[in-house]
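Pasting model.txt here (compact mmCIF, N, CA and C atoms):
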```
# COMPACT_ATOMS: atom_id res chain seq x y z
N MET A 1 77.56 72.46 104.55
CA MET A 1 78.84 72.95 105.01
C MET A 1 79.76 73.28 103.84
N PHE A 2 79.80 72.36 102.86
CA PHE A 2 80.65 72.58 101.70
C PHE A 2 80.15 73.78 100.88
N ASP A 3 78.84 73.95 100.75
CA ASP A 3 78.29 75.09 100.01
C ASP A 3 78.64 76.41 100.67
N ALA A 4 78.61 76.44 101.99
CA ALA A 4 78.95 77.67 102.70
C ALA A 4 80.42 78.00 102.53
N LEU A 5 81.29 77.01 102.64
CA LEU A 5 82.72 77.25 102.48
C LEU A 5 83.07 77.67 101.05
N SER A 6 82.42 77.05 100.07
CA SER A 6 82.69 77.43 98.69
C SER A 6 82.18 78.85 98.40
N GLY A 7 81.06 79.23 99.00
CA GLY A 7 80.56 80.59 98.85
C GLY A 7 81.48 81.61 99.48
N ILE A 8 82.01 81.29 100.66
CA ILE A 8 82.97 82.19 101.32
C ILE A 8 84.24 82.31 100.50
N PHE A 9 84.73 81.18 99.99
CA PHE A 9 85.94 81.19 99.17
C PHE A 9 85.75 82.03 97.91
N CYS A 10 84.62 81.90 97.25
CA CYS A 10 84.34 82.68 96.04
C CYS A 10 84.22 84.17 96.36
N PHE A 11 83.56 84.50 97.45
CA PHE A 11 83.41 85.90 97.83
C PHE A 11 84.77 86.54 98.13
N VAL A 12 85.60 85.84 98.88
CA VAL A 12 86.92 86.37 99.22
C VAL A 12 87.79 86.49 97.96
N THR A 13 87.74 85.51 97.09
CA THR A 13 88.53 85.57 95.87
C THR A 13 88.11 86.73 94.98
N ALA A 14 86.81 86.94 94.82
CA ALA A 14 86.33 88.05 94.00
C ALA A 14 86.69 89.39 94.63
N THR A 15 86.55 89.51 95.94
CA THR A 15 86.88 90.77 96.62
C THR A 15 88.36 91.10 96.48
N VAL A 16 89.21 90.12 96.71
CA VAL A 16 90.66 90.35 96.58
C VAL A 16 91.01 90.68 95.14
N SER A 17 90.37 90.04 94.19
CA SER A 17 90.62 90.32 92.78
C SER A 17 90.27 91.77 92.44
N PHE A 18 89.13 92.23 92.92
CA PHE A 18 88.74 93.62 92.65
C PHE A 18 89.66 94.61 93.36
N LEU A 19 90.10 94.29 94.56
CA LEU A 19 91.01 95.19 95.28
C LEU A 19 92.37 95.30 94.59
N TYR A 20 92.94 94.16 94.21
CA TYR A 20 94.24 94.20 93.54
C TYR A 20 94.16 94.79 92.14
N GLY A 21 93.08 94.52 91.43
CA GLY A 21 92.91 95.15 90.11
C GLY A 21 92.81 96.66 90.22
N THR A 22 92.09 97.13 91.24
CA THR A 22 91.98 98.57 91.46
C THR A 22 93.32 99.15 91.86
N ARG A 23 94.07 98.45 92.65
CA ARG A 23 95.40 98.93 93.07
C ARG A 23 96.33 99.06 91.87
N ILE A 24 96.35 98.07 91.01
CA ILE A 24 97.21 98.12 89.82
C ILE A 24 96.81 99.28 88.93
N ALA A 25 95.52 99.43 88.66
CA ALA A 25 95.05 100.50 87.78
C ALA A 25 95.26 101.88 88.42
N TRP A 26 95.06 101.99 89.72
CA TRP A 26 95.21 103.28 90.39
C TRP A 26 96.67 103.75 90.37
N VAL A 27 97.60 102.84 90.62
CA VAL A 27 99.02 103.20 90.59
C VAL A 27 99.43 103.59 89.17
N CYS A 28 98.91 102.90 88.19
CA CYS A 28 99.19 103.25 86.79
C CYS A 28 98.69 104.64 86.47
N GLY A 29 97.49 104.97 86.90
CA GLY A 29 96.94 106.29 86.64
C GLY A 29 97.70 107.39 87.36
N LYS A 30 98.16 107.12 88.58
CA LYS A 30 98.91 108.11 89.34
C LYS A 30 100.26 108.40 88.69
N ARG A 31 100.87 107.40 88.09
CA ARG A 31 102.19 107.58 87.49
C ARG A 31 102.14 108.20 86.09
N CYS A 32 100.98 108.27 85.50
CA CYS A 32 100.83 108.78 84.14
C CYS A 32 100.55 110.28 84.17
N HIS A 33 101.51 111.07 83.74
CA HIS A 33 101.36 112.52 83.68
C HIS A 33 101.33 112.96 82.22
N PHE A 34 100.57 114.00 81.94
CA PHE A 34 100.45 114.48 80.57
C PHE A 34 101.69 115.20 80.09
N LYS A 35 102.55 115.61 80.99
CA LYS A 35 103.76 116.34 80.60
C LYS A 35 104.87 115.41 80.12
N GLU A 36 104.73 114.12 80.36
CA GLU A 36 105.73 113.16 79.91
C GLU A 36 105.61 112.93 78.41
N GLU A 37 106.63 112.32 77.87
CA GLU A 37 106.61 111.99 76.45
C GLU A 37 105.60 110.87 76.20
N PRO A 38 104.96 110.89 75.03
CA PRO A 38 103.95 109.84 74.74
C PRO A 38 104.52 108.42 74.74
N ILE A 39 105.78 108.27 74.42
CA ILE A 39 106.38 106.93 74.42
C ILE A 39 106.37 106.33 75.82
N ASN A 40 106.73 107.15 76.82
CA ASN A 40 106.74 106.65 78.20
C ASN A 40 105.34 106.33 78.69
N LYS A 41 104.37 107.18 78.36
CA LYS A 41 102.99 106.93 78.77
C LYS A 41 102.44 105.68 78.10
N LYS A 42 102.76 105.52 76.82
CA LYS A 42 102.24 104.37 76.09
C LYS A 42 102.79 103.07 76.67
N GLN A 43 104.06 103.05 77.03
CA GLN A 43 104.64 101.85 77.62
C GLN A 43 104.03 101.55 78.98
N LEU A 44 103.84 102.58 79.80
CA LEU A 44 103.24 102.39 81.13
C LEU A 44 101.81 101.88 81.02
N LEU A 45 101.04 102.48 80.13
CA LEU A 45 99.64 102.06 79.98
C LEU A 45 99.52 100.68 79.36
N SER A 46 100.40 100.36 78.41
CA SER A 46 100.32 99.05 77.77
C SER A 46 100.75 97.91 78.70
N GLU A 47 101.48 98.23 79.76
CA GLU A 47 101.86 97.21 80.73
C GLU A 47 100.81 97.05 81.84
N SER A 48 100.27 98.16 82.30
CA SER A 48 99.44 98.13 83.49
C SER A 48 97.97 97.85 83.22
N ILE A 49 97.42 98.40 82.15
CA ILE A 49 95.99 98.20 81.89
C ILE A 49 95.65 96.73 81.60
N PRO A 50 96.42 96.00 80.79
CA PRO A 50 96.09 94.58 80.63
C PRO A 50 96.25 93.77 81.92
N ALA A 51 97.21 94.15 82.76
CA ALA A 51 97.38 93.45 84.04
C ALA A 51 96.18 93.68 84.94
N ALA A 52 95.72 94.91 85.01
CA ALA A 52 94.54 95.22 85.82
C ALA A 52 93.30 94.53 85.25
N ALA A 53 93.16 94.53 83.94
CA ALA A 53 92.00 93.87 83.32
C ALA A 53 92.02 92.37 83.57
N ALA A 54 93.22 91.77 83.56
CA ALA A 54 93.31 90.33 83.83
C ALA A 54 92.92 90.00 85.27
N VAL A 55 93.31 90.85 86.20
CA VAL A 55 92.95 90.61 87.60
C VAL A 55 91.45 90.82 87.80
N TYR A 56 90.90 91.88 87.18
CA TYR A 56 89.45 92.09 87.24
C TYR A 56 88.70 90.93 86.59
N PHE A 57 89.29 90.34 85.56
CA PHE A 57 88.67 89.24 84.84
C PHE A 57 88.32 88.09 85.80
N PHE A 58 89.24 87.75 86.69
CA PHE A 58 88.99 86.64 87.62
C PHE A 58 87.85 86.97 88.59
N GLY A 59 87.77 88.21 89.03
CA GLY A 59 86.68 88.59 89.91
C GLY A 59 85.34 88.56 89.20
N PHE A 60 85.33 89.05 87.96
CA PHE A 60 84.08 89.04 87.21
C PHE A 60 83.66 87.64 86.79
N VAL A 61 84.61 86.72 86.62
CA VAL A 61 84.25 85.33 86.33
C VAL A 61 83.40 84.77 87.46
N ILE A 62 83.81 85.03 88.68
CA ILE A 62 83.06 84.52 89.83
C ILE A 62 81.70 85.18 89.93
N VAL A 63 81.66 86.51 89.77
CA VAL A 63 80.40 87.23 89.92
C VAL A 63 79.41 86.87 88.83
N PHE A 64 79.84 86.90 87.57
CA PHE A 64 78.92 86.63 86.47
C PHE A 64 78.53 85.16 86.38
N SER A 65 79.37 84.25 86.87
CA SER A 65 79.00 82.83 86.87
C SER A 65 77.85 82.55 87.82
N LEU A 66 77.69 83.39 88.84
CA LEU A 66 76.57 83.21 89.76
C LEU A 66 75.25 83.63 89.14
N PHE A 67 75.29 84.58 88.21
CA PHE A 67 74.05 85.15 87.67
C PHE A 67 73.68 84.61 86.29
N PHE A 68 74.65 84.21 85.48
CA PHE A 68 74.38 83.78 84.11
C PHE A 68 74.83 82.33 83.91
N ASP A 69 74.25 81.69 82.90
CA ASP A 69 74.65 80.34 82.51
C ASP A 69 75.10 80.38 81.06
N GLY A 70 76.04 79.53 80.72
CA GLY A 70 76.54 79.46 79.35
C GLY A 70 77.84 80.22 79.19
N PHE A 71 78.72 79.67 78.37
CA PHE A 71 80.05 80.25 78.21
C PHE A 71 79.99 81.64 77.58
N LEU A 72 79.31 81.76 76.47
CA LEU A 72 79.27 83.04 75.76
C LEU A 72 78.51 84.10 76.55
N THR A 73 77.48 83.71 77.25
CA THR A 73 76.69 84.64 78.06
C THR A 73 77.51 85.18 79.22
N VAL A 74 78.45 84.41 79.72
CA VAL A 74 79.31 84.86 80.82
C VAL A 74 80.53 85.59 80.27
N PHE A 75 81.12 85.09 79.20
CA PHE A 75 82.40 85.60 78.72
C PHE A 75 82.31 87.02 78.17
N VAL A 76 81.30 87.32 77.39
CA VAL A 76 81.20 88.64 76.76
C VAL A 76 81.02 89.76 77.79
N PRO A 77 80.07 89.65 78.73
CA PRO A 77 79.94 90.74 79.71
C PRO A 77 81.14 90.85 80.65
N LEU A 78 81.75 89.73 81.01
CA LEU A 78 82.86 89.83 81.94
C LEU A 78 84.09 90.42 81.28
N LEU A 79 84.34 90.10 80.03
CA LEU A 79 85.48 90.69 79.33
C LEU A 79 85.25 92.19 79.11
N THR A 80 84.06 92.56 78.71
CA THR A 80 83.73 93.98 78.52
C THR A 80 83.83 94.75 79.83
N SER A 81 83.31 94.19 80.89
CA SER A 81 83.34 94.86 82.19
C SER A 81 84.76 95.01 82.71
N ALA A 82 85.59 94.00 82.54
CA ALA A 82 86.97 94.07 83.01
C ALA A 82 87.75 95.15 82.27
N ILE A 83 87.58 95.23 80.97
CA ILE A 83 88.30 96.24 80.18
C ILE A 83 87.80 97.64 80.52
N LEU A 84 86.50 97.81 80.59
CA LEU A 84 85.96 99.14 80.91
C LEU A 84 86.32 99.59 82.32
N LEU A 85 86.26 98.70 83.28
CA LEU A 85 86.59 99.08 84.65
C LEU A 85 88.06 99.42 84.81
N SER A 86 88.94 98.70 84.15
CA SER A 86 90.36 99.02 84.25
C SER A 86 90.66 100.38 83.64
N HIS A 87 90.05 100.69 82.50
CA HIS A 87 90.25 102.00 81.89
C HIS A 87 89.64 103.12 82.74
N LEU A 88 88.49 102.86 83.32
CA LEU A 88 87.83 103.86 84.16
C LEU A 88 88.67 104.20 85.39
N VAL A 89 89.21 103.20 86.05
CA VAL A 89 90.01 103.46 87.25
C VAL A 89 91.31 104.18 86.89
N VAL A 90 91.92 103.82 85.78
CA VAL A 90 93.15 104.51 85.37
C VAL A 90 92.87 105.98 85.09
N THR A 91 91.81 106.28 84.38
CA THR A 91 91.52 107.68 84.07
C THR A 91 91.08 108.46 85.29
N MET A 92 90.42 107.81 86.24
CA MET A 92 90.03 108.50 87.48
C MET A 92 91.24 108.87 88.32
N ALA A 93 92.29 108.09 88.24
CA ALA A 93 93.47 108.31 89.08
C ALA A 93 94.47 109.27 88.46
N MET A 94 94.33 109.60 87.19
CA MET A 94 95.29 110.50 86.56
C MET A 94 95.25 111.88 87.21
N PRO A 95 96.41 112.40 87.62
CA PRO A 95 96.42 113.68 88.33
C PRO A 95 95.93 114.84 87.48
N ASP A 96 96.18 114.84 86.19
CA ASP A 96 95.80 115.96 85.35
C ASP A 96 94.31 115.96 85.01
N LEU A 97 93.62 114.85 85.23
CA LEU A 97 92.20 114.79 84.93
C LEU A 97 91.33 115.02 86.17
N LYS A 98 91.97 115.18 87.33
CA LYS A 98 91.19 115.41 88.55
C LYS A 98 90.63 116.82 88.54
N ARG A 99 89.51 116.99 89.17
CA ARG A 99 88.87 118.28 89.25
C ARG A 99 89.65 119.19 90.19
N LYS A 100 89.98 120.36 89.69
CA LYS A 100 90.75 121.31 90.48
C LYS A 100 89.87 122.50 90.83
N PRO A 101 89.96 123.01 92.04
CA PRO A 101 89.13 124.15 92.42
C PRO A 101 89.52 125.40 91.64
N ILE A 102 88.52 126.22 91.37
CA ILE A 102 88.76 127.47 90.66
C ILE A 102 89.21 128.52 91.67
N ILE A 103 90.36 129.09 91.41
CA ILE A 103 90.91 130.12 92.30
C ILE A 103 90.62 131.48 91.68
N LYS A 104 89.84 132.27 92.38
CA LYS A 104 89.51 133.62 91.88
C LYS A 104 90.53 134.60 92.41
N ARG A 105 90.95 135.48 91.55
CA ARG A 105 91.94 136.50 91.95
C ARG A 105 91.31 137.85 91.95
```
As structure tokens, how would this structure be written, given the file I've shared?
Amino acid sequence: MFDALSGIFCFVTATVSFLYGTRIAWVCGKRCHFKEEPINKKQLLSESIPAAAAVYFFGFVIVFSLFFDGFLTVFVPLLTSAILLSHLVVTMAMPDLKRKPIIKR
């Protein structure tokens, strides 16, 4: 009974962590426009990307702890994955980087 409840708790915690991390990164990417001054973009990115990476970090701690043993074996892939995923979601959400249809005249 305890194993089932702990598994459910871990699954819900990891899922919520990934959802909120994606939400933070997606909103950051939507607000970042290339026409703005670099100072404004740098401040927005420096606030939001570490926050998204920290939230992803908790989800990846749960996921990687199930598959790997040892502190260093868990810490290196989860830190790398959290940073890469937060940057990936931010760049996917940027309006100027989205694919635009070619209009023929």
**Request:** Skip Thr91 (chain A) itself and residues of its chain fewer than 2 positions away, then list as a list in words all residues within 8 Å of it, counting all atoms listed in the file.
**Result:**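 Result of the neighbour search: Ala25, Trp26, Cys28, Gly29, Lys30, Leu85, Ser86, His87, Leu88, Val89, Ala93, Met94, Pro95, Leu97 and Lys98 of chain A.
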**Complete:** Nearest to Ile24 (chain A), restricted to only N, CA and C atoms and choosing among A:Ala52, A:Ala82, A:Asp3, A:Phe71, comes out as A:Ala52
Determine which residues of chain A receive a DSSP assignment of helix (DSSP H, G or I), computed from the backbone, and state them as a compact mmCIF listing (two decimals) with N, CA and C atoms, in the coordinates of the input.
```txt
# COMPACT_ATOMS: atom_id res chain seq x y z
N PHE A 2 79.80 72.36 102.86
CA PHE A 2 80.65 72.58 101.70
C PHE A 2 80.15 73.78 100.88
N ASP A 3 78.84 73.95 100.75
CA ASP A 3 78.29 75.09 100.01
C ASP A 3 78.64 76.41 100.67
N ALA A 4 78.61 76.44 101.99
CA ALA A 4 78.95 77.67 102.70
C ALA A 4 80.42 78.00 102.53
N LEU A 5 81.29 77.01 102.64
CA LEU A 5 82.72 77.25 102.48
C LEU A 5 83.07 77.67 101.05
N SER A 6 82.42 77.05 100.07
CA SER A 6 82.69 77.43 98.69
C SER A 6 82.18 78.85 98.40
N GLY A 7 81.06 79.23 99.00
CA GLY A 7 80.56 80.59 98.85
C GLY A 7 81.48 81.61 99.48
N ILE A 8 82.01 81.29 100.66
CA ILE A 8 82.97 82.19 101.32
C ILE A 8 84.24 82.31 100.50
N PHE A 9 84.73 81.18 99.99
CA PHE A 9 85.94 81.19 99.17
C PHE A 9 85.75 82.03 97.91
N CYS A 10 84.62 81.90 97.25
CA CYS A 10 84.34 82.68 96.04
C CYS A 10 84.22 84.17 96.36
N PHE A 11 83.56 84.50 97.45
CA PHE A 11 83.41 85.90 97.83
C PHE A 11 84.77 86.54 98.13
N VAL A 12 85.60 85.84 98.88
CA VAL A 12 86.92 86.37 99.22
C VAL A 12 87.79 86.49 97.96
N THR A 13 87.74 85.51 97.09
CA THR A 13 88.53 85.57 95.87
C THR A 13 88.11 86.73 94.98
N ALA A 14 86.81 86.94 94.82
CA ALA A 14 86.33 88.05 94.00
C ALA A 14 86.69 89.39 94.63
N THR A 15 86.55 89.51 95.94
CA THR A 15 86.88 90.77 96.62
C THR A 15 88.36 91.10 96.48
N VAL A 16 89.21 90.12 96.71
CA VAL A 16 90.66 90.35 96.58
C VAL A 16 91.01 90.68 95.14
N SER A 17 90.37 90.04 94.19
CA SER A 17 90.62 90.32 92.78
C SER A 17 90.27 91.77 92.44
N PHE A 18 89.13 92.23 92.92
CA PHE A 18 88.74 93.62 92.65
C PHE A 18 89.66 94.61 93.36
N LEU A 19 90.10 94.29 94.56
CA LEU A 19 91.01 95.19 95.28
C LEU A 19 92.37 95.30 94.59
N TYR A 20 92.94 94.16 94.21
CA TYR A 20 94.24 94.20 93.54
C TYR A 20 94.16 94.79 92.14
N GLY A 21 93.08 94.52 91.43
CA GLY A 21 92.91 95.15 90.11
C GLY A 21 92.81 96.66 90.22
N THR A 22 92.09 97.13 91.24
CA THR A 22 91.98 98.57 91.46
C THR A 22 93.32 99.15 91.86
N ARG A 23 94.07 98.45 92.65
CA ARG A 23 95.40 98.93 93.07
C ARG A 23 96.33 99.06 91.87
N ILE A 24 96.35 98.07 91.01
CA ILE A 24 97.21 98.12 89.82
C ILE A 24 96.81 99.28 88.93
N ALA A 25 95.52 99.43 88.66
CA ALA A 25 95.05 100.50 87.78
C ALA A 25 95.26 101.88 88.42
N TRP A 26 95.06 101.99 89.72
CA TRP A 26 95.21 103.28 90.39
C TRP A 26 96.67 103.75 90.37
N VAL A 27 97.60 102.84 90.62
CA VAL A 27 99.02 103.20 90.59
C VAL A 27 99.43 103.59 89.17
N CYS A 28 98.91 102.90 88.19
CA CYS A 28 99.19 103.25 86.79
C CYS A 28 98.69 104.64 86.47
N GLY A 29 97.49 104.97 86.90
CA GLY A 29 96.94 106.29 86.64
C GLY A 29 97.70 107.39 87.36
N LYS A 30 98.16 107.12 88.58
CA LYS A 30 98.91 108.11 89.34
C LYS A 30 100.26 108.40 88.69
N ARG A 31 100.87 107.40 88.09
CA ARG A 31 102.19 107.58 87.49
C ARG A 31 102.14 108.20 86.09
N PRO A 38 104.96 110.89 75.03
CA PRO A 38 103.95 109.84 74.74
C PRO A 38 104.52 108.42 74.74
N ILE A 39 105.78 108.27 74.42
CA ILE A 39 106.38 106.93 74.42
C ILE A 39 106.37 106.33 75.82
N ASN A 40 106.73 107.15 76.82
CA ASN A 40 106.74 106.65 78.20
C ASN A 40 105.34 106.33 78.69
N LYS A 41 104.37 107.18 78.36
CA LYS A 41 102.99 106.93 78.77
C LYS A 41 102.44 105.68 78.10
N LYS A 42 102.76 105.52 76.82
CA LYS A 42 102.24 104.37 76.09
C LYS A 42 102.79 103.07 76.67
N GLN A 43 104.06 103.05 77.03
CA GLN A 43 104.64 101.85 77.62
C GLN A 43 104.03 101.55 78.98
N LEU A 44 103.84 102.58 79.80
CA LEU A 44 103.24 102.39 81.13
C LEU A 44 101.81 101.88 81.02
N LEU A 45 101.04 102.48 80.13
CA LEU A 45 99.64 102.06 79.98
C LEU A 45 99.52 100.68 79.36
N SER A 46 100.40 100.36 78.41
CA SER A 46 100.32 99.05 77.77
C SER A 46 100.75 97.91 78.70
N GLU A 47 101.48 98.23 79.76
CA GLU A 47 101.86 97.21 80.73
C GLU A 47 100.81 97.05 81.84
N SER A 48 100.27 98.16 82.30
CA SER A 48 99.44 98.13 83.49
C SER A 48 97.97 97.85 83.22
N ILE A 49 97.42 98.40 82.15
CA ILE A 49 95.99 98.20 81.89
C ILE A 49 95.65 96.73 81.60
N PRO A 50 96.42 96.00 80.79
CA PRO A 50 96.09 94.58 80.63
C PRO A 50 96.25 93.77 81.92
N ALA A 51 97.21 94.15 82.76
CA ALA A 51 97.38 93.45 84.04
C ALA A 51 96.18 93.68 84.94
N ALA A 52 95.72 94.91 85.01
CA ALA A 52 94.54 95.22 85.82
C ALA A 52 93.30 94.53 85.25
N ALA A 53 93.16 94.53 83.94
CA ALA A 53 92.00 93.87 83.32
C ALA A 53 92.02 92.37 83.57
N ALA A 54 93.22 91.77 83.56
CA ALA A 54 93.31 90.33 83.83
C ALA A 54 92.92 90.00 85.27
N VAL A 55 93.31 90.85 86.20
CA VAL A 55 92.95 90.61 87.60
C VAL A 55 91.45 90.82 87.80
N TYR A 56 90.90 91.88 87.18
CA TYR A 56 89.45 92.09 87.24
C TYR A 56 88.70 90.93 86.59
N PHE A 57 89.29 90.34 85.56
CA PHE A 57 88.67 89.24 84.84
C PHE A 57 88.32 88.09 85.80
N PHE A 58 89.24 87.75 86.69
CA PHE A 58 88.99 86.64 87.62
C PHE A 58 87.85 86.97 88.59
N GLY A 59 87.77 88.21 89.03
CA GLY A 59 86.68 88.59 89.91
C GLY A 59 85.34 88.56 89.20
N PHE A 60 85.33 89.05 87.96
CA PHE A 60 84.08 89.04 87.21
C PHE A 60 83.66 87.64 86.79
N VAL A 61 84.61 86.72 86.62
CA VAL A 61 84.25 85.33 86.33
C VAL A 61 83.40 84.77 87.46
N ILE A 62 83.81 85.03 88.68
CA ILE A 62 83.06 84.52 89.83
C ILE A 62 81.70 85.18 89.93
N VAL A 63 81.66 86.51 89.77
CA VAL A 63 80.40 87.23 89.92
C VAL A 63 79.41 86.87 88.83
N PHE A 64 79.84 86.90 87.57
CA PHE A 64 78.92 86.63 86.47
C PHE A 64 78.53 85.16 86.38
N SER A 65 79.37 84.25 86.87
CA SER A 65 79.00 82.83 86.87
C SER A 65 77.85 82.55 87.82
N LEU A 66 77.69 83.39 88.84
CA LEU A 66 76.57 83.21 89.76
C LEU A 66 75.25 83.63 89.14
N PHE A 67 75.29 84.58 88.21
CA PHE A 67 74.05 85.15 87.67
C PHE A 67 73.68 84.61 86.29
N PHE A 71 78.72 79.67 78.37
CA PHE A 71 80.05 80.25 78.21
C PHE A 71 79.99 81.64 77.58
N LEU A 72 79.31 81.76 76.47
CA LEU A 72 79.27 83.04 75.76
C LEU A 72 78.51 84.10 76.55
N THR A 73 77.48 83.71 77.25
CA THR A 73 76.69 84.64 78.06
C THR A 73 77.51 85.18 79.22
N VAL A 74 78.45 84.41 79.72
CA VAL A 74 79.31 84.86 80.82
C VAL A 74 80.53 85.59 80.27
N PHE A 75 81.12 85.09 79.20
CA PHE A 75 82.40 85.60 78.72
C PHE A 75 82.31 87.02 78.17
N VAL A 76 81.30 87.32 77.39
CA VAL A 76 81.20 88.64 76.76
C VAL A 76 81.02 89.76 77.79
N PRO A 77 80.07 89.65 78.73
CA PRO A 77 79.94 90.74 79.71
C PRO A 77 81.14 90.85 80.65
N LEU A 78 81.75 89.73 81.01
CA LEU A 78 82.86 89.83 81.94
C LEU A 78 84.09 90.42 81.28
N LEU A 79 84.34 90.10 80.03
CA LEU A 79 85.48 90.69 79.33
C LEU A 79 85.25 92.19 79.11
N THR A 80 84.06 92.56 78.71
CA THR A 80 83.73 93.98 78.52
C THR A 80 83.83 94.75 79.83
N SER A 81 83.31 94.19 80.89
CA SER A 81 83.34 94.86 82.19
C SER A 81 84.76 95.01 82.71
N ALA A 82 85.59 94.00 82.54
CA ALA A 82 86.97 94.07 83.01
C ALA A 82 87.75 95.15 82.27
N ILE A 83 87.58 95.23 80.97
CA ILE A 83 88.30 96.24 80.18
C ILE A 83 87.80 97.64 80.52
N LEU A 84 86.50 97.81 80.59
CA LEU A 84 85.96 99.14 80.91
C LEU A 84 86.32 99.59 82.32
N LEU A 85 86.26 98.70 83.28
CA LEU A 85 86.59 99.08 84.65
C LEU A 85 88.06 99.42 84.81
N SER A 86 88.94 98.70 84.15
CA SER A 86 90.36 99.02 84.25
C SER A 86 90.66 100.38 83.64
N HIS A 87 90.05 100.69 82.50
CA HIS A 87 90.25 102.00 81.89
C HIS A 87 89.64 103.12 82.74
N LEU A 88 88.49 102.86 83.32
CA LEU A 88 87.83 103.86 84.16
C LEU A 88 88.67 104.20 85.39
N VAL A 89 89.21 103.20 86.05
CA VAL A 89 90.01 103.46 87.25
C VAL A 89 91.31 104.18 86.89
N VAL A 90 91.92 103.82 85.78
CA VAL A 90 93.15 104.51 85.37
C VAL A 90 92.87 105.98 85.09
N THR A 91 91.81 106.28 84.38
CA THR A 91 91.52 107.68 84.07
C THR A 91 91.08 108.46 85.29
N MET A 92 90.42 107.81 86.24
CA MET A 92 90.03 108.50 87.48
C MET A 92 91.24 108.87 88.32
N ALA A 93 92.29 108.09 88.24
CA ALA A 93 93.47 108.31 89.08
C ALA A 93 94.47 109.27 88.46
N PRO A 95 96.41 112.40 87.62
CA PRO A 95 96.42 113.68 88.33
C PRO A 95 95.93 114.84 87.48
N ASP A 96 96.18 114.84 86.19
CA ASP A 96 95.80 115.96 85.35
C ASP A 96 94.31 115.96 85.01
N LEU A 97 93.62 114.85 85.23
CA LEU A 97 92.20 114.79 84.93
C LEU A 97 91.33 115.02 86.17
```
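Here atom C of Leu5 (chain A) is placed at a distance of 15.6 Å from CA of Ser65 (chain A).
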**Asked** Of the candidates A:Cys10, A:Val61, A:Val27, A:Leu78, which shows the shortest atom-to-atom distance to Leu45 (chain A), using only C-alpha atoms?
**Response** A:Val27
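Coordinates place CA of Val55 (chain A) at a distance of 15.8 Å from atom N of Val76 (chain A).
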**Request:** Do a neighbour search on Lys42 (chain A) at 12 Å with only C-alpha atoms, toss out local chain neighbours closer than 3 positions, and write the hits as a list in words.
**Result:**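 Contacts, in chain order: Cys28, Gly29, Arg31, Cys32, His33, Phe34, Glu36, Glu37, Pro38, Ile39, Leu45, Ser46, Glu47, Ser48 and Ile49 of chain A.
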**Request:** Find the residues near Phe57 (chain A): any atom within 8 Å, counting all atoms listed in the file, skip ones fewer than 4 places away on the same chain, and give them as a VMD selection string.
**Result:** chain A and resid 17 to 18 21 51 to 53 61 to 63 78 to 79 81 to 83
Quick one: write out the picked residues with N, CA and C atoms as a JSON list (two decimals), keeping the file's coordinate frame?
```json
[["chain", "number", "residue", "atom", "x", "y", "z"],
["A", 17, "SER", "N", 90.37, 90.04, 94.19],
["A", 17, "SER", "CA", 90.62, 90.32, 92.78],
["A", 17, "SER", "C", 90.27, 91.77, 92.44],
["A", 18, "PHE", "N", 89.13, 92.23, 92.92],
["A", 18, "PHE", "CA", 88.74, 93.62, 92.65],
["A", 18, "PHE", "C", 89.66, 94.61, 93.36],
["A", 21, "GLY", "N", 93.08, 94.52, 91.43],
["A", 21, "GLY", "CA", 92.91, 95.15, 90.11],
["A", 21, "GLY", "C", 92.81, 96.66, 90.22],
["A", 51, "ALA", "N", 97.21, 94.15, 82.76],
["A", 51, "ALA", "CA", 97.38, 93.45, 84.04],
["A", 51, "ALA", "C", 96.18, 93.68, 84.94],
["A", 52, "ALA", "N", 95.72, 94.91, 85.01],
["A", 52, "ALA", "CA", 94.54, 95.22, 85.82],
["A", 52, "ALA", "C", 93.30, 94.53, 85.25],
["A", 53, "ALA", "N", 93.16, 94.53, 83.94],
["A", 53, "ALA", "CA", 92.00, 93.87, 83.32],
["A", 53, "ALA", "C", 92.02, 92.37, 83.57],
["A", 61, "VAL", "N", 84.61, 86.72, 86.62],
["A", 61, "VAL", "CA", 84.25, 85.33, 86.33],
["A", 61, "VAL", "C", 83.40, 84.77, 87.46],
["A", 62, "ILE", "N", 83.81, 85.03, 88.68],
["A", 62, "ILE", "CA", 83.06, 84.52, 89.83],
["A", 62, "ILE", "C", 81.70, 85.18, 89.93],
["A", 63, "VAL", "N", 81.66, 86.51, 89.77],
["A", 63, "VAL", "CA", 80.40, 87.23, 89.92],
["A", 63, "VAL", "C", 79.41, 86.87, 88.83],
["A", 78, "LEU", "N", 81.75, 89.73, 81.01],
["A", 78, "LEU", "CA", 82.86, 89.83, 81.94],
["A", 78, "LEU", "C", 84.09, 90.42, 81.28],
["A", 79, "LEU", "N", 84.34, 90.10, 80.03],
["A", 79, "LEU", "CA", 85.48, 90.69, 79.33],
["A", 79, "LEU", "C", 85.25, 92.19, 79.11],
["A", 81, "SER", "N", 83.31, 94.19, 80.89],
["A", 81, "SER", "CA", 83.34, 94.86, 82.19],
["A", 81, "SER", "C", 84.76, 95.01, 82.71],
["A", 82, "ALA", "N", 85.59, 94.00, 82.54],
["A", 82, "ALA", "CA", 86.97, 94.07, 83.01],
["A", 82, "ALA", "C", 87.75, 95.15, 82.27],
["A", 83, "ILE", "N", 87.58, 95.23, 80.97],
["A", 83, "ILE", "CA", 88.30, 96.24, 80.18],
["A", 83, "ILE", "C", 87.80, 97.64, 80.52]]
```
